[in-house]
$ cat input-v4.tsv   # TSV, C-alpha atoms
chain	number	residue	atom	x	y	z
A	18	MET	CA	0.00	0.00	0.00
A	19	LYS	CA	1.27	3.44	-0.96
A	20	ILE	CA	0.37	6.25	1.43
A	21	LEU	CA	0.77	9.99	0.88
A	22	VAL	CA	0.62	12.12	4.03
A	23	CYS	CA	0.06	15.86	3.52
A	24	ILE	CA	1.98	17.94	6.04
A	25	SER	CA	1.43	21.59	6.96
A	26	HIS	CA	4.24	23.68	8.47
A	27	VAL	CA	2.47	25.74	11.15
A	28	PRO	CA	3.42	27.99	14.10
A	29	ASP	CA	3.61	26.30	17.48
A	30	THR	CA	0.47	27.14	19.44
A	31	THR	CA	2.61	28.72	22.18
A	32	SER	CA	4.10	31.25	19.72
A	33	LYS	CA	3.25	34.92	20.09
A	34	ILE	CA	1.35	36.02	16.99
A	35	ASN	CA	1.95	39.45	15.43
A	36	PHE	CA	1.35	41.08	12.06
A	37	VAL	CA	3.37	43.62	10.06
A	38	ASN	CA	2.94	45.95	7.08
A	39	GLY	CA	-0.37	47.36	8.22
A	40	ASP	CA	-1.59	43.97	9.50
A	41	THR	CA	-1.41	42.49	6.01
A	42	GLU	CA	1.39	39.98	6.65
A	43	PHE	CA	2.18	37.46	9.38
A	44	ASP	CA	5.34	38.27	11.35
A	45	THR	CA	7.52	35.14	11.36
A	46	ASN	CA	10.26	36.57	13.58
A	47	GLY	CA	10.84	34.41	16.63
A	48	VAL	CA	8.11	31.93	15.69
A	49	GLN	CA	8.76	28.21	16.20
A	50	TYR	CA	7.21	25.97	13.53
A	51	VAL	CA	5.97	22.39	13.94
A	52	ILE	CA	4.07	19.68	12.09
A	53	ASN	CA	0.39	20.61	12.05
A	54	PRO	CA	-1.11	18.58	14.95
A	55	ASN	CA	-3.94	17.09	12.84
A	56	ASP	CA	-1.33	15.99	10.29
A	57	GLU	CA	0.81	14.47	13.04
A	58	PHE	CA	-2.05	12.15	14.03
A	59	GLY	CA	-2.33	11.14	10.36
A	60	LEU	CA	1.41	10.58	10.01
A	61	THR	CA	1.47	8.36	13.09
A	62	ARG	CA	-1.38	6.28	11.66
A	63	ALA	CA	0.52	5.95	8.39
A	64	ILE	CA	3.60	4.73	10.24
A	65	TRP	CA	1.39	2.14	11.95
A	66	PHE	CA	0.34	0.88	8.49
A	67	GLN	CA	4.01	0.86	7.53
A	68	GLU	CA	4.90	-1.34	10.50
A	69	GLN	CA	1.85	-3.61	10.37
A	70	GLN	CA	1.20	-3.88	6.62
A	71	SER	CA	4.53	-2.89	5.02
A	72	ALA	CA	3.07	0.32	3.60
A	73	ASN	CA	5.35	2.84	1.89
A	74	VAL	CA	4.87	6.32	3.38
A	75	THR	CA	5.62	9.56	1.53
A	76	VAL	CA	5.15	12.96	3.17
A	77	ILE	CA	4.48	16.08	1.14
A	78	ASN	CA	3.98	19.78	1.68
A	79	VAL	CA	3.67	22.99	-0.29
A	80	GLY	CA	6.18	25.53	0.98
A	81	GLY	CA	9.56	27.17	0.73
A	82	ALA	CA	12.93	25.84	1.86
A	83	GLU	CA	12.11	26.88	5.43
A	84	THR	CA	9.61	23.99	5.66
A	85	GLU	CA	12.24	21.31	5.09
A	86	SER	CA	12.97	21.04	8.82
A	87	THR	CA	9.36	19.95	9.32
A	88	LEU	CA	9.64	17.39	6.52
A	89	ARG	CA	12.90	16.10	7.99
A	90	LYS	CA	11.14	15.60	11.31
A	91	ALA	CA	8.47	13.57	9.50
A	92	LEU	CA	11.24	11.48	7.94
A	93	ALA	CA	12.83	11.02	11.36
A	94	ILE	CA	9.49	9.79	12.71
A	95	GLY	CA	9.55	7.09	10.04
A	96	ALA	CA	8.32	8.28	6.63
A	97	ASN	CA	10.21	6.68	3.72
A	98	GLU	CA	10.57	9.79	1.58
A	99	ALA	CA	9.49	13.42	1.35
A	100	ILE	CA	8.35	15.80	-1.39
A	101	ARG	CA	8.36	19.59	-1.17
A	102	ILE	CA	6.49	21.62	-3.76
A	103	ASN	CA	8.41	24.86	-4.00
A	104	ALA	CA	5.64	27.45	-3.62
A	105	THR	CA	4.06	29.66	-0.96
A	106	PRO	CA	0.80	28.08	0.29
A	107	THR	CA	-1.28	31.24	0.14
A	108	ASP	CA	-4.57	29.70	-0.99
A	109	GLY	CA	-6.38	26.40	-0.27
A	110	PHE	CA	-7.31	25.72	-3.89
A	111	PHE	CA	-3.75	26.42	-5.03
A	112	VAL	CA	-2.41	23.94	-2.46
A	113	ALA	CA	-4.97	21.29	-3.43
A	114	LYS	CA	-4.04	21.65	-7.13
A	115	GLN	CA	-0.35	21.15	-6.37
A	116	LEU	CA	-1.01	18.10	-4.20
A	117	ALA	CA	-3.38	16.63	-6.78
A	118	GLU	CA	-0.75	16.86	-9.51
A	119	VAL	CA	1.71	14.82	-7.45
A	120	ALA	CA	-0.97	12.37	-6.30
A	121	LYS	CA	-2.14	11.67	-9.88
A	122	ASN	CA	1.36	10.68	-10.90
A	123	GLY	CA	2.08	8.68	-7.73
A	124	ASN	CA	-0.82	6.18	-7.80
A	125	TYR	CA	-1.34	6.36	-4.04
A	126	ASP	CA	-3.85	4.04	-2.40
A	127	LEU	CA	-4.41	6.25	0.64
A	128	ILE	CA	-3.94	10.00	1.08
A	129	ILE	CA	-4.03	11.26	4.66
A	130	CYS	CA	-4.58	14.96	5.33
A	131	GLY	CA	-5.32	16.78	8.56
A	132	LYS	CA	-8.94	17.95	8.52
A	133	GLU	CA	-7.59	21.51	8.86
A	134	SER	CA	-4.36	23.32	9.63
A	135	LEU	CA	-4.10	25.21	12.90
A	136	ASP	CA	-2.87	28.44	11.32
A	137	TYR	CA	-5.76	29.33	8.98
A	138	ASN	CA	-8.31	26.66	10.02
A	139	GLY	CA	-9.78	26.70	6.51
A	140	GLY	CA	-10.49	22.97	6.32
A	141	MET	CA	-10.74	23.20	2.52
A	142	VAL	CA	-7.78	21.26	1.14
A	143	PRO	CA	-8.80	17.62	1.84
A	144	GLY	CA	-12.22	17.97	0.20
A	145	MET	CA	-10.84	19.92	-2.77
A	146	LEU	CA	-8.12	17.31	-3.24
A	147	ALA	CA	-10.69	14.50	-3.22
A	148	THR	CA	-12.78	16.33	-5.82
A	149	LEU	CA	-9.79	16.96	-8.09
A	150	LEU	CA	-8.79	13.28	-7.88
A	151	ASN	CA	-12.37	11.93	-8.00
A	152	ALA	CA	-11.53	9.79	-4.97
A	153	ASN	CA	-13.57	8.59	-2.00
A	154	PHE	CA	-13.36	11.05	0.90
A	155	VAL	CA	-14.11	10.89	4.64
A	156	ASN	CA	-13.58	13.96	6.82
A	157	SER	CA	-13.18	14.28	10.61
A	158	CYS	CA	-11.76	10.76	10.69
A	159	ILE	CA	-10.96	9.30	14.13
A	160	ASP	CA	-10.28	5.67	13.18
A	161	LEU	CA	-9.14	3.88	10.04
A	162	LYS	CA	-8.59	0.23	9.20
A	163	VAL	CA	-7.57	-1.09	5.78
A	164	ASP	CA	-7.98	-4.68	4.61
A	165	GLY	CA	-6.87	-5.23	1.03
A	166	ASN	CA	-8.81	-2.77	-1.12
A	167	SER	CA	-11.44	-2.09	1.54
A	168	ALA	CA	-11.43	0.43	4.36
A	169	LYS	CA	-13.49	0.87	7.51
A	170	VAL	CA	-13.58	4.42	8.77
A	171	ILE	CA	-15.07	6.05	11.86
A	172	ARG	CA	-15.70	9.76	11.72
A	173	GLU	CA	-16.86	12.27	14.29
A	174	ILE	CA	-20.29	13.82	13.74
A	175	ASP	CA	-22.45	16.16	15.83
A	176	GLY	CA	-23.45	14.26	18.92
A	177	GLY	CA	-21.68	11.02	18.10
A	178	LYS	CA	-19.69	8.87	15.68
A	179	GLU	CA	-20.43	7.33	12.29
A	180	THR	CA	-18.89	4.12	10.93
A	181	LEU	CA	-18.44	3.90	7.16
A	182	SER	CA	-17.18	1.25	4.74
A	183	THR	CA	-15.50	2.34	1.53
A	184	SER	CA	-12.79	1.32	-0.92
A	185	LEU	CA	-9.36	2.53	-1.97
A	186	PRO	CA	-8.17	4.90	-3.30
A	187	LEU	CA	-9.30	6.95	-0.32
A	188	ILE	CA	-8.62	10.43	1.05
A	189	ILE	CA	-9.27	11.19	4.69
A	190	GLY	CA	-9.24	14.36	6.77
A	191	GLY	CA	-7.80	13.12	10.06
A	192	GLN	CA	-7.90	14.64	13.51
A	193	LYS	CA	-7.25	13.92	17.18
A	194	GLY	CA	-8.43	10.38	17.87
A	195	LEU	CA	-7.00	8.84	14.70
A	196	VAL	CA	-4.34	7.62	17.11
A	197	GLU	CA	-4.03	8.17	20.85
A	198	GLU	CA	-1.92	11.14	21.90
A	199	LYS	CA	0.34	8.79	23.88
A	200	ASP	CA	1.15	6.99	20.60
A	201	LEU	CA	2.47	10.08	18.79
A	202	ARG	CA	6.08	9.49	17.74
A	203	ILE	CA	9.03	11.53	18.96
A	204	PRO	CA	12.10	11.30	16.71
A	205	ASN	CA	14.98	9.46	18.36
A	206	MET	CA	18.65	9.89	17.52
A	207	ARG	CA	18.67	6.92	15.13
A	208	GLY	CA	15.64	8.31	13.30
A	209	ILE	CA	17.21	11.76	13.04
A	210	MET	CA	20.43	10.34	11.60
A	211	THR	CA	18.54	8.09	9.18
A	212	ALA	CA	16.39	11.00	8.01
A	213	ARG	CA	19.49	12.72	6.63
A	214	THR	CA	19.93	9.93	4.08
A	215	LYS	CA	16.31	9.71	2.96
A	216	ALA	CA	15.16	11.30	-0.27
A	217	LEU	CA	13.67	14.81	-0.10
A	218	THR	CA	12.53	15.76	-3.59
A	219	VAL	CA	11.82	19.38	-4.52
A	220	LEU	CA	9.28	19.95	-7.31
A	221	GLU	CA	8.34	23.20	-8.99
A	222	PRO	CA	4.63	24.10	-8.83
A	223	ILE	CA	2.22	23.80	-11.72
A	224	THR	CA	0.43	26.93	-12.90
A	225	SER	CA	-2.71	27.58	-10.90
A	226	ASP	CA	-4.65	30.70	-9.96
A	227	ASN	CA	-5.35	31.66	-6.37
A	228	LYS	CA	-9.08	31.84	-5.65
A	229	THR	CA	-8.73	33.88	-2.45
A	230	LYS	CA	-6.48	36.61	-1.11
A	231	SER	CA	-5.75	37.68	2.46
A	232	VAL	CA	-6.51	41.39	2.72
A	233	LYS	CA	-5.91	42.05	6.40
A	234	PHE	CA	-5.36	40.20	9.68
A	235	GLU	CA	-6.91	41.21	12.98
A	236	LYS	CA	-6.38	39.87	16.48
A	237	PRO	CA	-9.38	39.07	18.68
A	238	ALA	CA	-10.44	41.93	20.92
A	239	SER	CA	-8.88	41.94	24.36
A	240	LYS	CA	-11.06	40.60	27.15
A	241	SER	CA	-12.62	43.28	29.31
A	242	ALA	CA	-12.03	43.49	33.05
A	243	VAL	CA	-13.90	41.05	35.25
A	244	LYS	CA	-16.28	42.31	37.93
A	245	LEU	CA	-16.59	40.13	41.01
A	246	ILE	CA	-19.91	40.21	42.84
A	247	SER	CA	-20.48	38.85	46.31
A	248	PRO	CA	-22.72	35.74	46.27
A	249	ASP	CA	-24.86	37.52	48.87
A	250	ASN	CA	-25.46	40.52	46.59
A	251	LEU	CA	-27.86	39.03	44.04
A	252	ASP	CA	-29.60	42.37	43.42
A	253	GLU	CA	-26.35	43.92	42.17
A	254	LEU	CA	-25.66	40.86	39.97
A	255	ILE	CA	-29.11	41.10	38.37
A	256	ASN	CA	-28.70	44.85	37.90
A	257	LEU	CA	-25.35	44.42	36.08
A	258	LEU	CA	-26.62	41.58	33.90
A	259	HIS	CA	-29.69	43.61	32.95
A	260	ASN	CA	-28.35	47.14	32.56
A	261	GLU	CA	-24.63	46.66	31.70
A	262	ALA	CA	-24.23	43.25	30.08
A	263	LYS	CA	-27.77	43.43	28.69
A	264	VAL	CA	-28.23	39.66	28.74
A	265	LEU	CA	-31.44	39.73	30.77
$ encode --input "input-v4.tsv" --output "structure tokens"
Amino acid sequence: MKILVCISHVPDTTSKINFVNGDTEFDTNGVQYVINPNDEFGLTRAIWFQEQQSANVTVINVGGAETESTLRKALAIGANEAIRINATPTDGFFVAKQLAEVAKNGNYDLIICGKESLDYNGGMVPGMLATLLNANFVNSCIDLKVDGNSAKVIREIDGGKETLSTSLPLIIGGQKGLVEEKDLRIPNMRGIMTARTKALTVLEPITSDNKTKSVKFEKPASKSAVKLISPDNLDELINLLHNEAKVL
């Protein structure tokens, strides 16, 4: 089984976020980048298939040379090879088109994406990729088993879970639950050294128009001060909720 795992290079959630040039560009200074958490769950599941079913795992991302450290980490975790499409991922449709071009030529049985990246939270790429490839697609996936050409998938829905049966080729949008957090892989020294010898192929992007454009970024408004009311002073609480907060 050939597996393609799509990797996003995203800021660590502990990073301080700022914008420059009139709030039109993200300030990358001092920001630590990591594998997108949803993608990390997918990569760990792919490595499980590699160990249990001798799958070949390729990781791929759309990005500049600065993203290669993230791809090397994926290789150190256990991926067999990596592909970097040399372009700035400014638009979901553009990214999906680039990934689709590689996927069409690679004859992959399973493509694992994170259901969304934690920087823009667009959640568009997996579905667009499935449409471009005319492949089966399951989003919000929290469990996946493959037996030959058949797959059993569990996905999260409002208020519960849904179990689906489908066939390969398959694209999933994975998330937390696809593997347990305790099973996420941390690169060891042997993996890091081995990653240096694994293939990292750089491809130039195909021509594709961006469908969207970021005009301006804005941080959420700061939280207002908190007013503490004595539990014995219910009249004052009701007055504030009615006249100031206007929720009554």
$ closest_residue --input "input-v4.tsv" --among "A:Leu258, A:Met18, A:Ile52, A:Ala113" --to "Ser71 (chain A)" --atoms "only C-alpha atoms"
A:Met18
$ residues_near_point --input "input-v4.tsv" --point "(7.0, 23.0, 3.4)" --cutoff "8 Å" --atoms "all atoms listed in the file" --output "list in words"
Ile24, Ser25, His26, Ile77, Asn78, Val79, Gly80, Gly81, Ala82, Glu83, Thr84, Glu85, Thr87, Leu88, Arg101, Ile102 and Asn103 of chain A
$ write_last_selection --input "input-v4.tsv" --atoms "C-alpha atoms" --output "JSON list (two decimals), in the frame of the given file"
[["chain", "number", "residue", "atom", "x", "y", "z"],
["A", 24, "ILE", "CA", 1.98, 17.94, 6.04],
["A", 25, "SER", "CA", 1.43, 21.59, 6.96],
["A", 26, "HIS", "CA", 4.24, 23.68, 8.47],
["A", 77, "ILE", "CA", 4.48, 16.08, 1.14],
["A", 78, "ASN", "CA", 3.98, 19.78, 1.68],
["A", 79, "VAL", "CA", 3.67, 22.99, -0.29],
["A", 80, "GLY", "CA", 6.18, 25.53, 0.98],
["A", 81, "GLY", "CA", 9.56, 27.17, 0.73],
["A", 82, "ALA", "CA", 12.93, 25.84, 1.86],
["A", 83, "GLU", "CA", 12.11, 26.88, 5.43],
["A", 84, "THR", "CA", 9.61, 23.99, 5.66],
["A", 85, "GLU", "CA", 12.24, 21.31, 5.09],
["A", 87, "THR", "CA", 9.36, 19.95, 9.32],
["A", 88, "LEU", "CA", 9.64, 17.39, 6.52],
["A", 101, "ARG", "CA", 8.36, 19.59, -1.17],
["A", 102, "ILE", "CA", 6.49, 21.62, -3.76],
["A", 103, "ASN", "CA", 8.41, 24.86, -4.00]]
$ residues_around --input "input-v4.tsv" --residues "Gly95 (chain A)" --least-positions-apart "5" --cutoff "10 Å" --atoms "only C-alpha atoms" --output "PyMOL selection string"
chain A and resi 60-61+63-65+67-68+74-75+89-90+202-204+208-209+211-212
$ closest_residue --input "input-v4.tsv" --among "A:Gly139, A:Gly123, A:Gly131, A:Pro222" --to "Asn55 (chain A)" --atoms "all atoms listed in the file"
A:Gly131
$ closest_residue --input "input-v4.tsv" --among "A:Pro237, A:Gly47, A:Gly176, A:Pro186" --to "Val163 (chain A)" --atoms "only C-alpha atoms"
A:Pro186
$ closest_residue --input "input-v4.tsv" --among "A:Lys230, A:Lys169, A:Lys33, A:Arg62" --to "Gln49 (chain A)" --atoms "all atoms listed in the file"
A:Lys33
$ atom_distance --input "input-v4.tsv" --atom1 "CA of Tyr137 (chain A)" --atom2 "CA of Ala238 (chain A)"
18.0 Å
$ atom_distance --input "input-v4.tsv" --atom1 "CA of Leu187 (chain A)" --atom2 "CA of Thr229 (chain A)"
27.0 Å
$ closest_residue --input "input-v4.tsv" --among "A:Val48, A:Ile129, A:Val142, A:Val155" --to "Phe36 (chain A)" --atoms "all atoms listed in the file"
A:Val48
$ residues_around --input "input-v4.tsv" --residues "Ser231 (chain A)" --least-positions-apart "3" --cutoff "9 Å" --atoms "all atoms listed in the file" --output "PyMOL selection string"
chain A and resi 41-42+107-108+234
$ closest_residue --input "input-v4.tsv" --among "A:Phe58, A:Glu261, A:Asp249, A:Ile128" --to "Gln192 (chain A)" --atoms "all atoms listed in the file"
A:Phe58
$ atom_distance --input "input-v4.tsv" --atom1 "CA of Gly190 (chain A)" --atom2 "CA of Arg213 (chain A)"
28.8 Å
$ residues_around --input "input-v4.tsv" --residues "Leu257 (chain A)" --least-positions-apart "5" --cutoff "12 Å" --atoms "only C-alpha atoms" --output "PyMOL selection string"
chain A and resi 243-246+250-252+262-265
$ residues_around --input "input-v4.tsv" --residues "region 143-145 of chain A" --least-positions-apart "3" --cutoff "8 Å" --atoms "all atoms listed in the file" --output "list in words"
Phe110, Ala113, Cys130, Gly131, Lys132, Gly140, Thr148, Leu149, Phe154, Asn156, Ile188, Ile189 and Gly190 of chain A
$ write_last_selection --input "input-v4.tsv" --atoms "C-alpha atoms" --output "compact mmCIF listing (two decimals), in the frame of the given file"
# COMPACT_ATOMS: atom_id res chain seq x y z
CA PHE A 110 -7.31 25.72 -3.89
CA ALA A 113 -4.97 21.29 -3.43
CA CYS A 130 -4.58 14.96 5.33
CA GLY A 131 -5.32 16.78 8.56
CA LYS A 132 -8.94 17.95 8.52
CA GLY A 140 -10.49 22.97 6.32
CA THR A 148 -12.78 16.33 -5.82
CA LEU A 149 -9.79 16.96 -8.09
CA PHE A 154 -13.36 11.05 0.90
CA ASN A 156 -13.58 13.96 6.82
CA ILE A 188 -8.62 10.43 1.05
CA ILE A 189 -9.27 11.19 4.69
CA GLY A 190 -9.24 14.36 6.77
